[in-house]
file my_file_9.cif (mmCIF, C-alpha atoms and all ligand atoms)
data_protein
#
loop_
_atom_site.label_atom_id
_atom_site.label_comp_id
_atom_site.auth_asym_id
_atom_site.auth_seq_id
_atom_site.Cartn_x
_atom_site.Cartn_y
_atom_site.Cartn_z
CA MET A 940 114.54 -96.91 -103.88
CA GLU A 941 117.62 -98.99 -103.73
CA LYS A 942 119.50 -96.21 -102.06
CA LYS A 943 116.85 -95.59 -99.45
CA GLN A 944 116.70 -99.24 -98.50
CA LEU A 945 120.41 -99.31 -98.11
CA PHE A 946 120.32 -96.21 -95.95
CA ARG A 947 117.73 -97.74 -93.66
CA THR A 948 119.73 -100.88 -93.22
CA ALA A 949 122.69 -98.72 -92.31
CA VAL A 950 120.58 -96.87 -89.77
CA ILE A 951 119.45 -100.10 -88.19
CA PHE A 952 123.04 -101.19 -87.80
CA ALA A 953 123.95 -97.84 -86.42
CA LEU A 954 121.01 -98.08 -84.07
CA GLY A 955 122.22 -101.29 -82.60
CA LYS A 956 125.53 -99.62 -81.89
CA VAL A 957 123.97 -96.51 -80.42
CA LEU A 958 121.67 -98.44 -78.17
CA TYR A 959 124.48 -100.69 -77.15
CA GLY A 960 126.52 -97.61 -76.36
CA VAL A 961 123.79 -95.96 -74.32
CA VAL A 962 123.03 -99.01 -72.36
CA THR A 963 126.58 -99.94 -71.56
CA ASP A 964 127.55 -96.36 -70.76
CA HIS A 965 124.95 -95.89 -68.08
CA ASP A 966 123.97 -99.30 -66.88
CA GLN A 967 126.91 -101.52 -67.49
CA GLN A 968 126.73 -103.94 -64.62
CA CYS A 969 122.96 -104.14 -64.76
CA THR A 970 122.12 -104.95 -68.36
CA GLY A 971 125.28 -106.36 -69.72
CA GLY A 972 124.42 -105.07 -73.15
CA LEU A 973 121.88 -104.21 -75.77
CA SER A 974 119.64 -107.26 -75.53
CA LYS A 975 118.31 -106.51 -72.06
CA GLU A 976 116.61 -103.18 -72.71
CA SER A 977 116.20 -102.84 -76.48
CA ILE A 978 114.45 -105.34 -78.65
CA PHE A 979 114.43 -105.21 -82.40
CA GLY A 980 111.30 -106.20 -84.31
CA TRP A 981 108.91 -105.49 -81.44
CA MET A 982 106.83 -102.61 -80.13
CA LEU A 983 104.55 -101.76 -77.24
CA GLN A 984 101.17 -100.63 -78.52
CA GLY A 985 98.36 -98.72 -76.82
CA HIS A 986 100.33 -96.63 -74.33
CA ILE A 987 101.91 -94.01 -76.55
CA TYR A 988 101.38 -90.57 -75.09
CA LYS A 989 103.80 -88.60 -77.31
CA THR A 990 105.84 -88.95 -80.51
CA MET A 991 108.97 -87.15 -81.54
CA LEU A 992 111.07 -86.85 -84.70
CA ALA A 993 114.76 -87.58 -84.16
CA ASP A 994 117.69 -88.43 -86.37
CA LEU A 995 118.98 -90.97 -83.95
CA PRO A 996 117.27 -93.08 -81.31
CA HIS A 997 119.57 -91.92 -78.55
CA THR A 998 118.04 -88.46 -78.86
CA CYS A 999 114.76 -90.11 -77.95
CA ILE A 1000 116.30 -92.04 -75.11
CA PHE A 1001 117.63 -88.84 -73.58
CA ALA A 1002 114.26 -87.19 -74.05
CA CYS A 1003 112.71 -90.18 -72.28
CA TYR A 1004 115.06 -89.72 -69.33
CA LYS A 1005 113.78 -86.18 -68.93
CA ASP A 1006 110.11 -87.15 -68.82
CA ASP A 1007 108.75 -88.81 -65.67
CA ARG A 1008 105.93 -90.40 -67.65
CA CYS A 1009 108.27 -92.18 -70.03
CA GLN A 1010 108.55 -95.87 -69.27
CA SER A 1011 109.61 -97.13 -72.69
CA LEU A 1012 109.74 -96.10 -76.32
CA ASN A 1013 109.34 -97.53 -79.79
CA TRP A 1014 111.74 -96.33 -82.41
CA VAL A 1015 110.07 -96.26 -85.82
CA ILE A 1016 112.90 -97.02 -88.18
CA SER A 1017 111.37 -95.80 -91.45
CA LEU A 1018 110.07 -92.52 -89.99
CA LEU A 1019 113.00 -91.62 -87.77
CA THR A 1020 110.41 -91.11 -85.08
CA CYS A 1021 110.08 -92.32 -81.56
CA GLU A 1022 106.90 -93.15 -79.71
CA PHE A 1023 106.99 -92.61 -75.96
CA SER A 1024 104.92 -94.99 -73.85
CA ASN A 1025 103.79 -94.59 -70.27
CA ARG A 1026 104.02 -98.34 -69.70
CA THR A 1027 106.63 -101.07 -70.04
CA LYS A 1028 106.11 -104.42 -71.68
CA GLU A 1029 106.29 -105.97 -68.22
CA ALA A 1030 103.28 -103.91 -67.13
CA ARG A 1031 101.33 -104.81 -70.28
CA PRO A 1032 102.68 -108.00 -71.83
CA ASP A 1033 99.58 -108.37 -74.02
CA ASP A 1034 100.37 -105.10 -75.78
CA PHE A 1035 103.89 -106.14 -76.66
CA ILE A 1036 103.67 -107.26 -80.28
CA PRO A 1037 106.02 -108.07 -83.16
CA ASN A 1038 106.65 -105.18 -85.53
CA ALA A 1039 109.32 -105.47 -88.15
CA GLY A 1040 109.76 -101.72 -88.55
CA ARG A 1041 110.31 -100.89 -84.90
CA PHE A 1042 112.65 -101.19 -81.99
CA TYR A 1043 111.38 -101.38 -78.42
CA PHE A 1044 113.45 -99.77 -75.73
CA LYS A 1045 112.67 -99.97 -72.05
CA ARG A 1046 113.86 -97.01 -70.06
CA ASP A 1047 116.96 -98.19 -68.24
CA ARG A 1048 117.70 -95.23 -66.00
CA ASN A 1049 115.74 -93.46 -63.30
CA ARG A 1050 112.53 -94.99 -64.46
CA VAL A 1051 109.71 -93.86 -62.16
CA ARG A 1052 107.89 -96.79 -60.62
CA LEU A 1053 104.39 -97.08 -61.99
CA GLY A 1054 101.76 -95.43 -59.81
CA THR A 1055 104.20 -93.64 -57.53
CA ILE A 1056 103.60 -90.14 -58.92
CA SER A 1057 100.36 -88.52 -59.98
CA GLU A 1058 101.72 -87.97 -63.52
CA LEU A 1059 102.12 -91.71 -63.91
CA PRO A 1060 98.97 -93.28 -62.51
CA ALA A 1061 98.32 -97.00 -62.80
CA GLU A 1062 95.07 -98.63 -63.81
CA THR A 1063 95.23 -101.69 -61.59
CA CYS A 1064 97.28 -103.12 -58.76
CA HIS A 1065 98.00 -106.01 -61.06
CA GLU A 1066 99.90 -103.88 -63.58
CA ILE A 1067 101.97 -102.30 -60.80
CA LYS A 1068 102.86 -105.77 -59.60
CA SER A 1069 103.77 -106.84 -63.15
CA SER A 1070 105.71 -103.67 -63.84
CA GLU A 1071 107.69 -103.43 -60.64
CA ARG A 1072 109.65 -106.13 -59.01
CA GLN A 1073 108.86 -106.38 -55.29
CA ALA A 1074 105.90 -104.04 -55.36
CA THR A 1075 104.72 -103.60 -51.81
CA SER A 1076 101.20 -102.86 -50.59
CA GLY A 1077 100.63 -99.19 -50.00
CA LYS A 1078 99.32 -96.03 -51.55
CA TYR A 1079 99.57 -95.60 -55.31
CA TRP A 1080 98.15 -93.23 -57.88
CA PHE A 1081 95.34 -94.56 -60.06
CA SER A 1082 93.62 -93.17 -63.14
CA THR A 1083 90.71 -95.61 -62.98
CA ILE A 1084 88.93 -94.49 -59.82
CA LYS A 1085 87.67 -91.20 -61.18
CA THR A 1086 87.84 -90.35 -64.88
CA GLY A 1087 90.28 -87.60 -65.74
CA THR A 1088 91.93 -87.49 -62.31
CA SER A 1089 94.81 -89.24 -60.65
CA ILE A 1090 93.75 -90.49 -57.26
CA LEU A 1091 95.87 -91.88 -54.48
CA ALA A 1092 94.49 -95.10 -52.99
CA HIS A 1093 95.71 -98.10 -51.06
CA CYS A 1094 96.66 -101.17 -53.03
CA ASP A 1095 96.88 -104.62 -51.50
CA MET A 1096 99.47 -106.47 -53.55
CA ALA A 1097 98.44 -109.87 -52.18
CA THR A 1098 94.82 -109.58 -53.32
CA GLU A 1099 95.55 -106.97 -56.04
CA ASP A 1100 92.63 -104.97 -54.71
CA ILE A 1101 92.44 -101.18 -54.69
CA ASP A 1102 90.76 -99.87 -51.56
CA GLU A 1103 88.71 -97.11 -53.16
CA CYS A 1104 87.40 -96.11 -49.75
CA THR A 1105 90.84 -94.83 -48.69
CA THR A 1106 91.25 -92.36 -51.53
CA SER A 1107 92.37 -88.76 -51.33
CA HIS A 1108 89.17 -87.79 -53.21
CA PRO A 1109 86.15 -89.44 -51.58
CA VAL A 1110 84.43 -91.69 -54.11
CA CYS A 1111 81.12 -91.64 -52.26
CA ASP A 1112 78.96 -88.71 -51.21
CA VAL A 1113 80.02 -87.05 -47.95
CA ASN A 1114 76.76 -88.38 -46.52
CA ALA A 1115 77.44 -91.97 -47.55
CA ASN A 1116 79.37 -94.91 -46.18
CA CYS A 1117 81.96 -96.46 -48.46
CA THR A 1118 82.45 -100.23 -48.41
CA ASN A 1119 85.45 -101.72 -50.20
CA THR A 1120 85.06 -105.09 -51.91
CA GLN A 1121 87.50 -107.25 -53.83
CA GLY A 1122 87.88 -105.48 -57.17
CA SER A 1123 85.27 -102.86 -56.43
CA TYR A 1124 83.41 -100.87 -53.75
CA PHE A 1125 79.96 -99.58 -53.02
CA CYS A 1126 78.45 -96.52 -51.43
CA THR A 1127 75.45 -96.47 -49.11
CA CYS A 1128 73.72 -93.26 -48.17
CA LYS A 1129 73.66 -92.73 -44.42
CA THR A 1130 70.44 -92.88 -42.45
CA GLY A 1131 68.33 -89.85 -43.24
CA PHE A 1132 69.67 -89.57 -46.80
CA SER A 1133 68.59 -91.22 -50.03
CA GLY A 1134 70.30 -91.81 -53.34
CA ASP A 1135 72.74 -94.18 -54.97
CA GLY A 1136 75.55 -93.37 -52.56
CA LYS A 1137 77.58 -91.42 -55.12
CA THR A 1138 75.13 -88.64 -54.48
CA CYS A 1139 72.83 -88.57 -51.49
CA GLN A 1140 69.97 -86.18 -50.82
CA ASP A 1141 68.56 -85.31 -47.47
CA VAL A 1142 65.27 -87.06 -46.77
CA ASP A 1143 62.60 -84.62 -45.57
CA GLU A 1144 61.00 -86.79 -42.89
CA CYS A 1145 58.44 -84.07 -42.19
CA VAL A 1146 57.14 -84.16 -45.76
CA GLU A 1147 57.42 -87.92 -46.15
CA GLY A 1148 55.68 -88.51 -42.84
CA SER A 1149 58.41 -90.86 -41.62
CA HIS A 1150 58.74 -89.06 -38.28
CA ASP A 1151 57.33 -89.81 -34.86
CA CYS A 1152 56.46 -86.29 -33.76
CA PHE A 1153 53.10 -86.56 -32.05
CA PRO A 1154 50.38 -84.87 -34.07
CA ASN A 1155 48.94 -81.85 -32.29
CA PHE A 1156 51.68 -81.88 -29.68
CA ALA A 1157 54.76 -81.32 -31.79
CA THR A 1158 55.77 -79.80 -35.11
CA CYS A 1159 58.24 -81.69 -37.27
CA VAL A 1160 61.22 -79.61 -38.40
CA ASN A 1161 63.53 -81.14 -40.98
CA ILE A 1162 67.32 -81.01 -40.48
CA PRO A 1163 70.04 -82.64 -42.65
CA GLY A 1164 69.97 -86.37 -42.03
CA SER A 1165 67.24 -86.17 -39.43
CA TYR A 1166 64.40 -84.07 -37.99
CA ASN A 1167 63.40 -82.42 -34.75
CA CYS A 1168 60.08 -82.47 -32.96
CA VAL A 1169 59.42 -78.97 -31.70
CA CYS A 1170 56.87 -79.05 -28.90
CA SER A 1171 53.74 -77.01 -29.51
CA HIS A 1172 52.86 -76.79 -25.81
CA SER A 1173 54.74 -76.09 -22.65
CA TYR A 1174 54.63 -79.62 -21.21
CA ALA A 1175 57.63 -80.86 -23.13
CA GLU A 1176 58.87 -83.74 -21.04
CA ASP A 1177 60.67 -85.51 -23.86
CA HIS A 1178 60.90 -85.49 -27.64
CA THR A 1179 57.33 -86.77 -27.93
CA CYS A 1180 56.22 -83.47 -26.35
CA LEU A 1181 53.40 -85.35 -24.67
CA PRO A 1182 52.24 -84.47 -21.17
CA ALA A 1183 53.13 -87.07 -18.55
CA GLU A 1184 49.66 -88.64 -18.32
CA CYS A 1185 49.70 -89.39 -22.05
CA VAL A 1186 52.83 -91.47 -21.57
CA ASP A 1187 52.47 -92.86 -18.07
CA TYR A 1188 49.02 -94.46 -17.62
CA ARG A 1189 47.44 -97.79 -16.71
CA ARG A 1190 45.62 -99.89 -19.26
CA ILE A 1191 42.09 -101.16 -18.99
CA THR A 1192 41.60 -103.94 -21.52
CA ASN A 1193 38.77 -106.18 -20.28
CA ALA A 1194 35.77 -106.78 -22.52
CA ASP A 1195 33.23 -106.67 -19.66
CA ARG A 1196 33.76 -102.86 -19.36
CA LYS A 1197 31.95 -102.30 -22.62
CA VAL A 1198 28.48 -100.79 -22.62
CA THR A 1199 27.38 -103.63 -24.86
CA TYR A 1200 28.34 -106.18 -22.22
CA GLY A 1201 25.50 -107.39 -20.00
CA LYS A 1202 25.51 -108.17 -16.27
CA VAL A 1203 27.18 -111.53 -15.72
CA SER A 1204 29.03 -111.27 -12.41
CA VAL A 1205 28.34 -107.81 -11.09
CA GLN A 1206 31.48 -105.65 -10.61
CA CYS A 1207 32.10 -102.21 -9.13
CA ASP A 1208 34.87 -99.58 -8.96
CA LYS A 1209 34.84 -98.96 -5.22
CA THR A 1210 38.41 -100.21 -4.97
CA ILE A 1211 39.86 -98.84 -8.20
CA ASP A 1212 43.27 -97.13 -7.73
CA THR A 1213 43.28 -93.39 -8.24
CA ALA A 1214 45.33 -93.07 -11.44
CA TRP A 1215 45.38 -92.20 -15.13
CA TYR A 1216 43.81 -94.90 -17.31
CA ARG A 1217 43.52 -95.60 -20.99
CA PHE A 1218 40.92 -97.94 -22.50
CA GLU A 1219 42.49 -100.32 -24.97
CA GLY A 1220 42.02 -103.71 -26.63
CA ALA A 1221 38.78 -105.53 -25.80
CA ALA A 1222 37.70 -102.60 -23.65
CA GLY A 1223 37.48 -100.32 -26.69
CA THR A 1224 39.03 -96.86 -26.75
CA ARG A 1225 37.02 -94.43 -24.61
CA MET A 1226 34.22 -93.79 -22.16
CA PRO A 1227 30.70 -93.48 -23.55
CA THR A 1228 29.41 -89.89 -23.69
CA SER A 1229 25.74 -90.78 -23.46
CA CYS A 1230 23.76 -92.58 -20.81
CA PRO A 1231 24.12 -96.39 -21.13
CA PRO A 1232 21.18 -98.67 -20.28
CA LEU A 1233 20.99 -100.14 -16.78
CA TYR A 1234 22.77 -103.40 -15.95
CA LYS A 1235 25.37 -103.03 -18.66
CA CYS A 1236 29.18 -103.26 -18.48
CA ASN A 1237 28.87 -106.04 -15.94
CA THR A 1238 27.41 -103.86 -13.19
CA ASN A 1239 24.13 -102.39 -11.98
CA ALA A 1240 24.83 -98.66 -12.48
CA PRO A 1241 27.01 -98.06 -15.59
CA GLY A 1242 29.19 -94.94 -15.65
CA TRP A 1243 29.60 -92.51 -18.57
CA LEU A 1244 31.31 -89.22 -19.38
CA LYS A 1245 29.16 -86.14 -19.26
CA GLY A 1246 30.10 -83.08 -21.29
CA GLY A 1247 31.91 -84.87 -24.08
CA HIS A 1248 35.60 -85.37 -24.73
CA PRO A 1249 38.01 -82.44 -24.81
CA SER A 1250 40.08 -81.45 -27.82
CA VAL A 1251 43.90 -81.47 -27.68
CA GLU A 1252 43.85 -77.71 -27.24
CA ASP A 1253 41.51 -77.97 -24.26
CA GLY A 1254 44.35 -79.67 -22.39
CA GLN A 1255 43.57 -81.45 -19.17
CA VAL A 1256 39.91 -80.90 -18.19
CA THR A 1257 37.67 -81.85 -15.29
CA ARG A 1258 34.46 -83.64 -16.23
CA LYS A 1259 31.63 -85.38 -14.49
CA ALA A 1260 31.42 -89.16 -14.62
CA CYS A 1261 27.72 -89.98 -14.21
CA PHE A 1262 26.28 -93.34 -13.11
CA HIS A 1263 22.91 -94.45 -14.37
CA TRP A 1264 20.70 -95.80 -11.62
CA SER A 1265 17.43 -94.07 -10.77
CA SER A 1266 18.34 -91.43 -13.35
CA CYS A 1267 21.14 -91.06 -15.91
CA CYS A 1268 23.19 -89.09 -13.41
CA SER A 1269 21.89 -90.24 -10.05
CA LEU A 1270 25.45 -90.40 -8.77
CA SER A 1271 28.41 -88.48 -10.17
CA THR A 1272 32.06 -87.93 -9.42
CA ASN A 1273 34.63 -85.50 -10.87
CA ILE A 1274 37.28 -87.08 -13.04
CA LYS A 1275 40.00 -85.60 -15.29
CA VAL A 1276 40.31 -86.22 -18.99
CA ARG A 1277 43.05 -85.49 -21.51
CA ASN A 1278 43.04 -85.76 -25.29
CA CYS A 1279 46.45 -87.19 -26.25
CA GLY A 1280 45.93 -86.64 -29.96
CA SER A 1281 45.05 -90.17 -30.99
CA TYR A 1282 43.67 -91.45 -27.69
CA TYR A 1283 42.21 -90.28 -24.37
CA VAL A 1284 43.35 -90.78 -20.82
CA TYR A 1285 41.09 -90.57 -17.74
CA TYR A 1286 42.01 -89.83 -14.17
CA LEU A 1287 39.64 -92.19 -12.33
CA LYS A 1288 39.05 -92.65 -8.63
CA SER A 1289 36.92 -94.82 -6.38
CA THR A 1290 33.15 -94.67 -6.85
CA GLY A 1291 32.83 -94.84 -3.06
CA SER A 1292 30.32 -97.67 -3.06
CA CYS A 1293 28.90 -100.50 -5.18
CA TRP A 1294 27.53 -101.22 -7.74
CA TYR A 1295 28.84 -98.36 -9.83
CA ARG A 1296 31.35 -98.92 -12.58
CA TYR A 1297 33.18 -96.84 -15.25
CA CYS A 1298 32.21 -98.15 -18.67
CA SER A 1299 33.85 -98.08 -22.09
CA THR A 1300 32.96 -98.16 -25.73
CA ASN A 1301 34.66 -98.30 -29.12
C1 LIG B 1 99.23 -92.89 -71.01
O1 LIG B 1 99.10 -93.05 -72.39
C2 LIG B 1 97.81 -93.15 -72.90
C3 LIG B 1 97.87 -93.29 -74.39
O2 LIG B 1 98.45 -94.45 -74.76
C4 LIG B 1 97.02 -91.93 -72.56
O3 LIG B 1 95.66 -92.11 -72.95
C5 LIG B 1 97.08 -91.68 -71.09
O4 LIG B 1 96.43 -90.47 -70.80
C6 LIG B 1 98.52 -91.63 -70.63
N1 LIG B 1 98.52 -91.40 -69.21
C7 LIG B 1 99.03 -90.29 -68.68
C8 LIG B 1 98.82 -90.14 -67.23
O5 LIG B 1 99.61 -89.48 -69.35
C1 LIG B 2 77.47 -96.04 -41.78
O1 LIG B 2 78.56 -96.23 -40.94
C2 LIG B 2 78.28 -95.95 -39.58
C3 LIG B 2 79.55 -96.04 -38.80
O2 LIG B 2 80.28 -97.16 -39.17
C4 LIG B 2 77.21 -96.92 -39.08
O3 LIG B 2 76.90 -96.64 -37.76
C5 LIG B 2 75.98 -96.77 -39.93
O4 LIG B 2 75.02 -97.73 -39.56
C6 LIG B 2 76.31 -96.94 -41.39
N1 LIG B 2 75.14 -96.62 -42.16
C7 LIG B 2 74.74 -97.32 -43.21
C8 LIG B 2 73.50 -96.85 -43.89
O5 LIG B 2 75.35 -98.27 -43.61
#
call {"tool": "encode", "arguments": {"input": "my_file_9.cif", "output": "structure tokens"}}
result
Amino acid sequence: MEKKQLFRTAVIFALGKVLYGVVTDHDQQCTGGLSKESIFGWMLQGHIYKTMLADLPHTCIFACYKDDRCQSLNWVISLLTCEFSNRTKEARPDDFIPNAGRFYFKRDRNRVRLGTISELPAETCHEIKSSERQATSGKYWFSTIKTGTSILAHCDMATEDIDECTTSHPVCDVNANCTNTQGSYFCTCKTGFSGDGKTCQDVDECVEGSHDCFPNFATCVNIPGSYNCVCSHSYAEDHTCLPAECVDYRRITNADRKVTYGKVSVQCDKTIDTAWYRFEGAAGTRMPTSCPPLYKCNTNAPGWLKGGHPSVEDGQVTRKACFHWSSCCSLSTNIKVRNCGSYYVYYLKSTGSCWYRYCSTN
């Protein structure tokens, strides 16, 4: 017991000499001696990546020089062991603690600057700044962006923020936008994709019904991030696939066109423009397909559609518009009608004389 204690004390003395020797040999003008790089009675905890048995600490110091990860070491006096750390006490001052049985030694030669190689990634910009004098903003390796991988990302030394969106490995899904924030970032799936941004799935607009392909005129076909409307018919003017008259028509919206409206100030369609019309709003949605009573829709002879409305498949059809006067069809004129899927359009022309009028209903 006595002997051992004595031996240890001798080793500690020897240590001081060895360290002094190492330091002055290689870094004379810089350190000026032992005190700068080696500190007795202290250790750096929490960053030990390797230990090694050695008779003398300088063996460890030379081993440290050969390992890019080595930033500092603790020499464990009683065990003749060294503990290699991948941080310095400057990088992690909170982990630098008193320990009577140890020596702390900061690597004094060719120390790799923290975060500059993938083998020595940093956790934060802050620790790089603490570890390295005059750390400049730029790309550094980080271990904290993706677990188990070193990732190169931009570090702003003024704000100490890592720009995760500039990494060599994208942190968001390929179909997501990355937005950097102070201390963090977030991912947003692009339009047409859903998910948390780290992973994004294609949205099937055709299944979800969030498409504007016109029913009966186009078939929705899903594609990544979007969809296509494939026209079912040959009149594919634009992506709606609708024929021209379903898109380009005039609106009739007055309430007095309705077959329920009486005769207030008699009107007629002698001067109506020849064009495609759609009944909307107060006028209702379509022409009546049965004979209206006399003196309705604000005229004497109300007009109605004979032969019923066509289906979408029927396409553009010619029908008779009949006017009820002495009989349900005492006067008639040929008009055209088209089923546009969810509404009808009518190609109306002058009735020739008064008091005949095209009527509407709900
Ligand atoms: C640094 O050391 C710690 C242990 O203290 C270890 O978990 C970590 O993986 C080391 N980093 C590298 C890149 O070796
Ligand atoms: C993603 O970024 C692009 C280009 O900056 C932008 O046009 C788009 O609106 C963004 N999408 C989302 C969902 O943020």
call {"tool": "closest_atom_pairs", "arguments": {"input": "my_file_9.cif", "of": "chain A", "to": "ligand LIG 1 (chain B)", "cutoff": "6 Å", "atoms": "all atoms listed in the file", "output": "CSV"}}
result
residue,atom,partner,partner_atom,distance
A:Gly985,CA,B:LIG1,O2,4.7
A:His986,CA,B:LIG1,O2,2.9
A:Ile987,CA,B:LIG1,O2,3.9
A:Tyr988,CA,B:LIG1,O1,4.3
A:Asn1025,CA,B:LIG1,C1,4.9
A:Glu1058,CA,B:LIG1,C8,5.2
A:Leu1059,CA,B:LIG1,C8,4.9
A:Pro1060,CA,B:LIG1,C8,5.7
call {"tool": "closest_atom_pairs", "arguments": {"input": "my_file_9.cif", "of": "chain A", "to": "ligand LIG 2 (chain B)", "cutoff": "10 Å", "atoms": "only C-alpha atoms and all ligand atoms", "output": "CSV"}}
result
residue,atom,partner,partner_atom,distance
A:Asn1114,CA,B:LIG2,C1,9.0
A:Ala1115,CA,B:LIG2,C1,7.1
A:Asn1116,CA,B:LIG2,C1,4.9
A:Cys1117,CA,B:LIG2,C1,8.1
A:Thr1118,CA,B:LIG2,O5,8.8
A:Cys1126,CA,B:LIG2,O5,8.6
A:Thr1127,CA,B:LIG2,C8,5.6
A:Cys1128,CA,B:LIG2,C8,5.6
A:Lys1129,CA,B:LIG2,C8,4.2
A:Thr1130,CA,B:LIG2,C8,5.2
A:Gly1131,CA,B:LIG2,C8,8.7
A:Phe1132,CA,B:LIG2,C8,8.7
A:Ser1133,CA,B:LIG2,C8,9.7
A:Gly1136,CA,B:LIG2,C8,9.6
call {"tool": "write_last_selection", "arguments": {"input": "my_file_9.cif", "atoms": "C-alpha atoms", "output": "PDB file, keeping the file's coordinate frame"}}
result
ATOM      1  CA  ASN A1114      76.760 -88.380 -46.520  1.00  0.00           C
ATOM      2  CA  ALA A1115      77.440 -91.970 -47.550  1.00  0.00           C
ATOM      3  CA  ASN A1116      79.370 -94.910 -46.180  1.00  0.00           C
ATOM      4  CA  CYS A1117      81.960 -96.460 -48.460  1.00  0.00           C
ATOM      5  CA  THR A1118      82.450-100.230 -48.410  1.00  0.00           C
ATOM      6  CA  CYS A1126      78.450 -96.520 -51.430  1.00  0.00           C
ATOM      7  CA  THR A1127      75.450 -96.470 -49.110  1.00  0.00           C
ATOM      8  CA  CYS A1128      73.720 -93.260 -48.170  1.00  0.00           C
ATOM      9  CA  LYS A1129      73.660 -92.730 -44.420  1.00  0.00           C
ATOM     10  CA  THR A1130      70.440 -92.880 -42.450  1.00  0.00           C
ATOM     11  CA  GLY A1131      68.330 -89.850 -43.240  1.00  0.00           C
ATOM     12  CA  PHE A1132      69.670 -89.570 -46.800  1.00  0.00           C
ATOM     13  CA  SER A1133      68.590 -91.220 -50.030  1.00  0.00           C
ATOM     14  CA  GLY A1136      75.550 -93.370 -52.560  1.00  0.00           C
TER      15      GLY A1136
END
call {"tool": "residues_around", "arguments": {"input": "my_file_9.cif", "residues": "stretch 1094-1104 of chain A", "least_positions_apart": "4", "cutoff": "7 Å", "atoms": "all atoms listed in the file", "output": "list of chain:residue names"}}
result
A:Cys1064, A:His1065, A:Lys1068, A:Thr1075, A:Ser1076, A:Gly1077, A:Lys1078, A:Tyr1079, A:Val1110, A:Cys1117, A:Thr1118, A:Asn1119, A:Gln1121, A:Gly1122, A:Tyr1124
call {"tool": "write_last_selection", "arguments": {"input": "my_file_9.cif", "atoms": "C-alpha atoms", "output": "CSV table (one decimal), in the frame of the given file"}}
result
chain,number,residue,atom,x,y,z
A,1064,CYS,CA,97.3,-103.1,-58.8
A,1065,HIS,CA,98.0,-106.0,-61.1
A,1068,LYS,CA,102.9,-105.8,-59.6
A,1075,THR,CA,104.7,-103.6,-51.8
A,1076,SER,CA,101.2,-102.9,-50.6
A,1077,GLY,CA,100.6,-99.2,-50.0
A,1078,LYS,CA,99.3,-96.0,-51.6
A,1079,TYR,CA,99.6,-95.6,-55.3
A,1110,VAL,CA,84.4,-91.7,-54.1
A,1117,CYS,CA,82.0,-96.5,-48.5
A,1118,THR,CA,82.4,-100.2,-48.4
A,1119,ASN,CA,85.4,-101.7,-50.2
A,1121,GLN,CA,87.5,-107.2,-53.8
A,1122,GLY,CA,87.9,-105.5,-57.2
A,1124,TYR,CA,83.4,-100.9,-53.8
call {"tool": "residues_around", "arguments": {"input": "my_file_9.cif", "residues": "A:Arg1258", "least_positions_apart": "6", "cutoff": "12 Å", "atoms": "only C-alpha atoms", "output": "list in words"}}
result
Met1226, Thr1228, Trp1243, Leu1244, Lys1245, Gly1246, Gly1247, His1248, Pro1249, Ser1271, Thr1272, Asn1273, Ile1274, Lys1275, Val1276, Arg1277, Tyr1285, Tyr1286 and Leu1287 of chain A
call {"tool": "closest_residue", "arguments": {"input": "my_file_9.cif", "among": "A:Ile1211, A:Leu1091, A:Ile978, A:Leu1019", "to": "A:Thr998", "atoms": "only C-alpha atoms"}}
result
A:Leu1019
call {"tool": "residues_around", "arguments": {"input": "my_file_9.cif", "residues": "A:Val1015", "least_positions_apart": "6", "cutoff": "7 Å", "atoms": "all atoms listed in the file", "output": "mmCIF file with C-alpha atoms, in the coordinates of the input"}}
result
data_model
loop_
_atom_site.group_PDB
_atom_site.id
_atom_site.type_symbol
_atom_site.label_atom_id
_atom_site.label_comp_id
_atom_site.auth_asym_id
_atom_site.auth_seq_id
_atom_site.Cartn_x
_atom_site.Cartn_y
_atom_site.Cartn_z
ATOM 1 C CA CYS A 1021 110.080 -92.320 -81.560
ATOM 2 C CA GLY A 1040 109.760 -101.720 -88.550
ATOM 3 C CA ARG A 1041 110.310 -100.890 -84.900
ATOM 4 C CA PHE A 1042 112.650 -101.190 -81.990
#
call {"tool": "residues_around", "arguments": {"input": "my_file_9.cif", "residues": "A:Gly1242", "least_positions_apart": "3", "cutoff": "8 Å", "atoms": "all atoms listed in the file", "output": "list in words"}}
result
Cys1230, Pro1231, Ala1260, Cys1261, Phe1262, His1263, Tyr1295, Arg1296, Tyr1297 and Cys1298 of chain A
call {"tool": "residues_around", "arguments": {"input": "my_file_9.cif", "residues": "stretch 1044-1053 of chain A", "least_positions_apart": "2", "cutoff": "6 Å", "atoms": "all atoms listed in the file", "output": "JSON, numbers by chain"}}
result
{"A": [976, 977, 1010, 1011, 1012, 1055, 1067]}
call {"tool": "atom_distance", "arguments": {"input": "my_file_9.cif", "atom1": "atom CA of A:Glu1062", "atom2": "atom CA of A:Cys1139"}}
result
27.3 Å
call {"tool": "atom_distance", "arguments": {"input": "my_file_9.cif", "atom1": "atom CA of A:Asn1239", "atom2": "atom CA of A:Val1284"}}
result
24.1 Å
call {"tool": "closest_residue", "arguments": {"input": "my_file_9.cif", "among": "A:Leu1233, A:Val1251, A:Leu1181, A:Val1142", "to": "A:Val1160", "atoms": "only C-alpha atoms"}}
result
A:Val1142
call {"tool": "closest_residue", "arguments": {"input": "my_file_9.cif", "among": "A:Ser1149, A:Asn1278, A:Asn1013, A:Thr1257", "to": "A:Ala1039", "atoms": "all atoms listed in the file"}}
result
A:Asn1013
call {"tool": "atom_distance", "arguments": {"input": "my_file_9.cif", "atom1": "atom CA of A:Asn1193", "atom2": "atom CA of A:Arg1217"}}
result
11.6 Å
call {"tool": "closest_residue", "arguments": {"input": "my_file_9.cif", "among": "A:Tyr1234, A:Tyr1166, A:Tyr1283, A:Tyr1200", "to": "A:Tyr1188", "atoms": "only C-alpha atoms"}}
result
A:Tyr1283
